[in-house]
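Participant: Here's a structure for you.
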Amino acid sequence: MVGDLIVDEYITCQPLGMSQEDPTIVVTPVDSTRFLGGAGIVAAHAAGLGAQVQFVSVTGADVSRVFARAELEAAGVRAHLLTDESRPTTLKQRFRSQGKSLLRVSHLHQGAIAAPLQTGLLEHLEEALQTASVLVFSDFNYGCLPQTVVDKIVPMAKARGAMLAADSQSSSQVGNIGRFQHMDLLTPTEREARISTRNQEDGLVVLAEALRQQSSARYILLKLGEEGLMIHAGDGAGPSHWLTDRIGSLNSAPKDAAGAGDSLLIASALTLACGGDIWEAACLGSLAAAVQVGRVGNTPIQHRELHNELG
């Protein structure tokens with residue numbers, strides 16, 4: 001597992017009313033809870049689902065790093081966290097009141113990591129790939145995975161026979177899922193796929209095929225938010241050779257949408273790595289996402305939770 005480590009902080013607030021000086025809502029914080037986020041929670045999900053996980057990322061030299069390392073260790077993840085004193089560990093604060101998000105504040109640095117850190121990251125990954133069967137890129141476009149690093153990792157993993165999966169999130173920032181070439185699995189949102197292919201007009205099947213061909217991917221799971229996801233597989237020989245299907249949302253009353261894509265990514269990737277087909281991978285990934293959005297905050301999924309839902 002490699003990607004941007006994030007710490008998510010949920011700050012519960014009590015509303016006090018409207019400011020008399022200007023039209024501003026006034027709240028007071030009453031509670032704060034921190035969770036692993038970003039690629040860190042993807043690694044923790046993988047461990048909770050039964051995988052032996054090594055995680056490589058870059059953090060700042062701060063209290064968020066200390067928190068993240070402790071949480072990763074508690075989750076059973078072997079973490080290799082390189083330190084960059086020029087940037088903070090990415091911290092995303094969500095101010096919430098009465099079950100609704102009021103404001104998000106992100107403490108981050110988006111520049112690419114320096115060359116010495118890139119070298120260190122590649123060295124840790126090369127060692128981890130000696131025993132890995134699957135490599136997952138969890139990219140949030142905060143600098144941990146510059147293109148030069150990605151271009152070196154992919155052939156390294158391919159040479160060792162590892163399956164490859166990637167997600168590159170572009171919710172409040174601009175990314176390009178298509179920069180991850182020759183993946184076995186890509187899990188973009190519709191918006192991310194359209195940004196990557198510069199296609200704002202075509203339907204979902206044509207869009208997914210355009211992304212699949214652009215990135216030379218094997219499978220695409222196109223995330224559609226409340227509408228579930230679309231599965232797309234094909235051999236590039238034309239529409240008659242495309243295989244597509246849809247899975248609707250499996251949770252009709254979500255409490256917190258944050259983390260749905262992370263759990264979908266890892267559950268689907270692990271299913272493929274264990275010999276499942278793309279249809280089984282999509283179903284288990286969708287189920288993992290449904291479990292995750294049923295609670296507030298990013299808590300590592302456990303395999304028994306999926307067993308209970310399937311039971």
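Each chain in the structure tokens gets a letter, A, B, ..., in the order shown, and its residues are numbered from 1; ligands are numbered from 1 in order too.
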I want to know what sits within 8 Å of Gly261 of chain A, based on only C-alpha atoms, with residues of the same chain fewer than 4 positions away left out; could you give that as a PDB file with N, CA, C and O atoms, in the first residue's frame?

Facilitator:
```
ATOM      1  N   THR A 187     -10.781   2.737  -9.649  1.00  0.00           N
ATOM      2  CA  THR A 187     -12.082   2.986  -9.015  1.00  0.00           C
ATOM      3  C   THR A 187     -12.372   4.493  -8.947  1.00  0.00           C
ATOM      4  O   THR A 187     -12.461   5.060  -7.862  1.00  0.00           O
ATOM      5  N   LYS A 223     -17.664   4.858  -9.707  1.00  0.00           N
ATOM      6  CA  LYS A 223     -18.475   5.174  -8.521  1.00  0.00           C
ATOM      7  C   LYS A 223     -19.482   6.260  -8.861  1.00  0.00           C
ATOM      8  O   LYS A 223     -19.131   7.300  -9.407  1.00  0.00           O
ATOM      9  N   LEU A 265     -12.434   0.364  -2.716  1.00  0.00           N
ATOM     10  CA  LEU A 265     -11.156   0.102  -3.378  1.00  0.00           C
ATOM     11  C   LEU A 265     -10.477  -1.137  -2.810  1.00  0.00           C
ATOM     12  O   LEU A 265     -10.103  -2.054  -3.551  1.00  0.00           O
ATOM     13  N   ALA A 289     -18.449  -0.758   1.287  1.00  0.00           N
ATOM     14  CA  ALA A 289     -18.794   0.668   1.284  1.00  0.00           C
ATOM     15  C   ALA A 289     -20.084   0.913   2.048  1.00  0.00           C
ATOM     16  O   ALA A 289     -20.208   1.906   2.786  1.00  0.00           O
TER      17      ALA A 289
END
```

Participant: Near segment 303-307 of chain A, within 10 Å and counting only C-alpha atoms, which residues show up once chain neighbours fewer than 4 positions away are dropped, as number ranges by chain?

Facilitator: A: 45-50, 267, 284-285, 287-288, 290-292, 311

Participant: Those residues you just picked out, can you put them in a file as a CSV table (one decimal), in the first residue's frame with N, CA, C and O atoms?

Facilitator:
```csv
chain,number,residue,atom,x,y,z
A,45,HIS,N,-8.1,-0.9,6.6
A,45,HIS,CA,-9.2,-1.7,6.1
A,45,HIS,C,-8.6,-3.1,5.6
A,45,HIS,O,-9.2,-4.2,5.9
A,46,ALA,N,-7.5,-3.0,4.9
A,46,ALA,CA,-6.9,-4.3,4.3
A,46,ALA,C,-6.5,-5.2,5.5
A,46,ALA,O,-6.8,-6.4,5.4
A,47,ALA,N,-5.9,-4.7,6.5
A,47,ALA,CA,-5.5,-5.5,7.7
A,47,ALA,C,-6.8,-6.1,8.3
A,47,ALA,O,-6.8,-7.3,8.7
A,48,GLY,N,-7.8,-5.3,8.5
A,48,GLY,CA,-9.1,-5.7,9.1
A,48,GLY,C,-9.7,-6.8,8.3
A,48,GLY,O,-10.5,-7.7,8.9
A,49,LEU,N,-9.5,-6.8,7.0
A,49,LEU,CA,-10.1,-7.9,6.1
A,49,LEU,C,-9.2,-9.1,6.0
A,49,LEU,O,-9.6,-10.1,5.3
A,50,GLY,N,-8.1,-9.1,6.7
A,50,GLY,CA,-7.3,-10.3,6.9
A,50,GLY,C,-6.0,-10.3,6.1
A,50,GLY,O,-5.3,-11.3,6.1
A,267,ALA,N,-11.5,-3.6,-0.7
A,267,ALA,CA,-12.3,-4.8,-0.7
A,267,ALA,C,-12.3,-5.4,-2.1
A,267,ALA,O,-12.2,-6.7,-2.2
A,284,LEU,N,-18.5,-7.3,-3.3
A,284,LEU,CA,-18.0,-7.2,-2.0
A,284,LEU,C,-17.5,-5.8,-1.7
A,284,LEU,O,-17.6,-5.3,-0.5
A,285,GLY,N,-17.0,-5.1,-2.7
A,285,GLY,CA,-16.6,-3.8,-2.5
A,285,GLY,C,-17.8,-2.9,-2.2
A,285,GLY,O,-17.7,-2.0,-1.3
A,287,LEU,N,-20.5,-3.8,-0.8
A,287,LEU,CA,-21.0,-4.2,0.6
A,287,LEU,C,-20.1,-3.5,1.6
A,287,LEU,O,-20.6,-3.0,2.6
A,288,ALA,N,-18.8,-3.5,1.4
A,288,ALA,CA,-17.9,-2.9,2.3
A,288,ALA,C,-18.2,-1.4,2.4
A,288,ALA,O,-18.2,-0.8,3.5
A,290,ALA,N,-21.1,0.0,1.9
A,290,ALA,CA,-22.3,0.2,2.6
A,290,ALA,C,-22.2,0.1,4.1
A,290,ALA,O,-22.8,0.8,4.9
A,291,VAL,N,-21.3,-0.8,4.5
A,291,VAL,CA,-21.0,-0.9,6.0
A,291,VAL,C,-20.3,0.3,6.5
A,291,VAL,O,-20.7,0.9,7.5
A,292,GLN,N,-19.4,0.8,5.7
A,292,GLN,CA,-18.6,2.0,6.1
A,292,GLN,C,-19.5,3.3,6.3
A,292,GLN,O,-19.3,4.0,7.2
A,311,GLY,N,-24.4,-13.1,5.9
A,311,GLY,CA,-24.9,-14.2,6.6
A,311,GLY,C,-26.4,-14.4,6.5
A,311,GLY,O,-27.0,-15.4,6.7
```

Participant: Which one of A:Val2, A:Ala210, A:Leu103, A:Leu145 sits closest to Leu125 of chain A if you count only C-alpha atoms?

Facilitator: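 Of the candidates, the smallest distance to Leu125 of chain A is held by A:Val2.
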
Participant: Give me, as a list of chain:residue names, all polymer residues having an atom no more than 10 Å from Lys100 of chain A, counting only C-alpha atoms and skipping those fewer than 5 positions away in the same chain.

Facilitator: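 Residues near the query, excluding close chain neighbours: A:Thr12, A:Arg94, A:Phe95, A:Lys255, A:Asp256.
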
Participant: Since we have the selection now, will you write its residues out, keeping C-alpha atoms, as a PDB file, in the first residue's frame?

Facilitator:
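Heads up, here's the output in again_38.pdb:
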```pdb
ATOM      1  CA  THR A  12     -18.824  18.189  17.162  1.00  0.00           C
ATOM      2  CA  ARG A  94     -14.799  18.506   9.820  1.00  0.00           C
ATOM      3  CA  PHE A  95     -16.971  20.742  11.985  1.00  0.00           C
ATOM      4  CA  LYS A 255     -24.642   8.525   8.083  1.00  0.00           C
ATOM      5  CA  ASP A 256     -21.273   9.635   6.666  1.00  0.00           C
TER       6      ASP A 256
END
```

Participant: Would you write out, as a tab-separated table, a table of all residues in segment 197-303 of chain A that have an atom no more than 12 Å from an atom of segment 74-88 of chain A, listing for each the closest atom pair and the distance in Å to one decimal, considering only C-alpha atoms and ordering rows by chain and rising residue number?

Facilitator:
```
residue	atom	partner	partner_atom	distance
A:Thr299	CA	A:Ala75	CA	10.1
A:Pro300	CA	A:Ala75	CA	7.7
A:Ile301	CA	A:Ala75	CA	10.2
A:Gln302	CA	A:Ala75	CA	10.1
```

Participant: Take the residues that were just selected and, keeping all heavy atoms, output them as a PDB file, in the first residue's frame.

Facilitator:
```pdb
ATOM      1  N   THR A 299     -13.614   4.124  10.417  1.00  0.00           N
ATOM      2  CA  THR A 299     -13.183   3.045  11.300  1.00  0.00           C
ATOM      3  C   THR A 299     -12.834   1.829  10.458  1.00  0.00           C
ATOM      4  O   THR A 299     -13.587   1.481   9.548  1.00  0.00           O
ATOM      5  CB  THR A 299     -14.304   2.674  12.287  1.00  0.00           C
ATOM      6  OG1 THR A 299     -14.704   3.853  12.997  1.00  0.00           O
ATOM      7  CG2 THR A 299     -13.836   1.627  13.278  1.00  0.00           C
ATOM      8  N   PRO A 300     -11.692   1.174  10.715  1.00  0.00           N
ATOM      9  CA  PRO A 300     -11.302   0.022   9.893  1.00  0.00           C
ATOM     10  C   PRO A 300     -12.362  -1.061   9.848  1.00  0.00           C
ATOM     11  O   PRO A 300     -12.887  -1.483  10.885  1.00  0.00           O
ATOM     12  CB  PRO A 300     -10.023  -0.486  10.581  1.00  0.00           C
ATOM     13  CG  PRO A 300      -9.464   0.723  11.259  1.00  0.00           C
ATOM     14  CD  PRO A 300     -10.659   1.517  11.710  1.00  0.00           C
ATOM     15  N   ILE A 301     -12.681  -1.494   8.654  1.00  0.00           N
ATOM     16  CA  ILE A 301     -13.646  -2.578   8.471  1.00  0.00           C
ATOM     17  C   ILE A 301     -13.019  -3.898   8.910  1.00  0.00           C
ATOM     18  O   ILE A 301     -11.835  -4.138   8.691  1.00  0.00           O
ATOM     19  CB  ILE A 301     -14.078  -2.647   6.994  1.00  0.00           C
ATOM     20  CG1 ILE A 301     -15.102  -1.557   6.714  1.00  0.00           C
ATOM     21  CG2 ILE A 301     -14.637  -3.990   6.630  1.00  0.00           C
ATOM     22  CD1 ILE A 301     -15.704  -1.628   5.341  1.00  0.00           C
ATOM     23  N   GLN A 302     -13.820  -4.749   9.502  1.00  0.00           N
ATOM     24  CA  GLN A 302     -13.377  -6.072   9.914  1.00  0.00           C
ATOM     25  C   GLN A 302     -14.082  -7.127   9.062  1.00  0.00           C
ATOM     26  O   GLN A 302     -15.239  -6.957   8.681  1.00  0.00           O
ATOM     27  CB  GLN A 302     -13.686  -6.308  11.400  1.00  0.00           C
ATOM     28  CG  GLN A 302     -13.082  -5.259  12.324  1.00  0.00           C
ATOM     29  CD  GLN A 302     -11.565  -5.230  12.269  1.00  0.00           C
ATOM     30  OE1 GLN A 302     -10.917  -6.271  12.343  1.00  0.00           O
ATOM     31  NE2 GLN A 302     -10.989  -4.034  12.137  1.00  0.00           N
TER      32      GLN A 302
END
```

Participant: How would you write, as a ChimeraX atom specification, the set of residues in segment 3-199 of chain A that DSSP gives as strand (DSSP E)?

Facilitator: /A:3,5-18,25-37,53-59,77-83,90-97,100-107,134-139,163-168,185-186

Participant: Pick the closest to Thr244 of chain A from A:Ala258, A:Leu207, A:Ile6, A:Ala273: which is it, counting only C-alpha atoms?

Facilitator: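 Counting only C-alpha atoms, the residue closest to Thr244 of chain A is A:Leu207.
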
Participant: Find, counting only C-alpha atoms, the residue in A:Gly38, A:Pro188, A:Gly234, A:Gly3 that gets nearest to Ile278 of chain A.

Facilitator: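 Answer, going by the shortest atom-to-atom distance: A:Gly234.
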
Participant: Could you check how far atom CA of Val154 of chain A sits from atom CA of Glu192 of chain A, in Å to one decimal?

Facilitator: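 A separation of 20.9 Å between them.
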
Participant: Just the residues within 12 Å of Gln214 of chain A, please, counting only C-alpha atoms, with nothing from its chain fewer than 2 positions along; format it as a ChimeraX atom specification.

Facilitator: /A:176-183,186,193-194,196-199,207-212,216-218,220,236
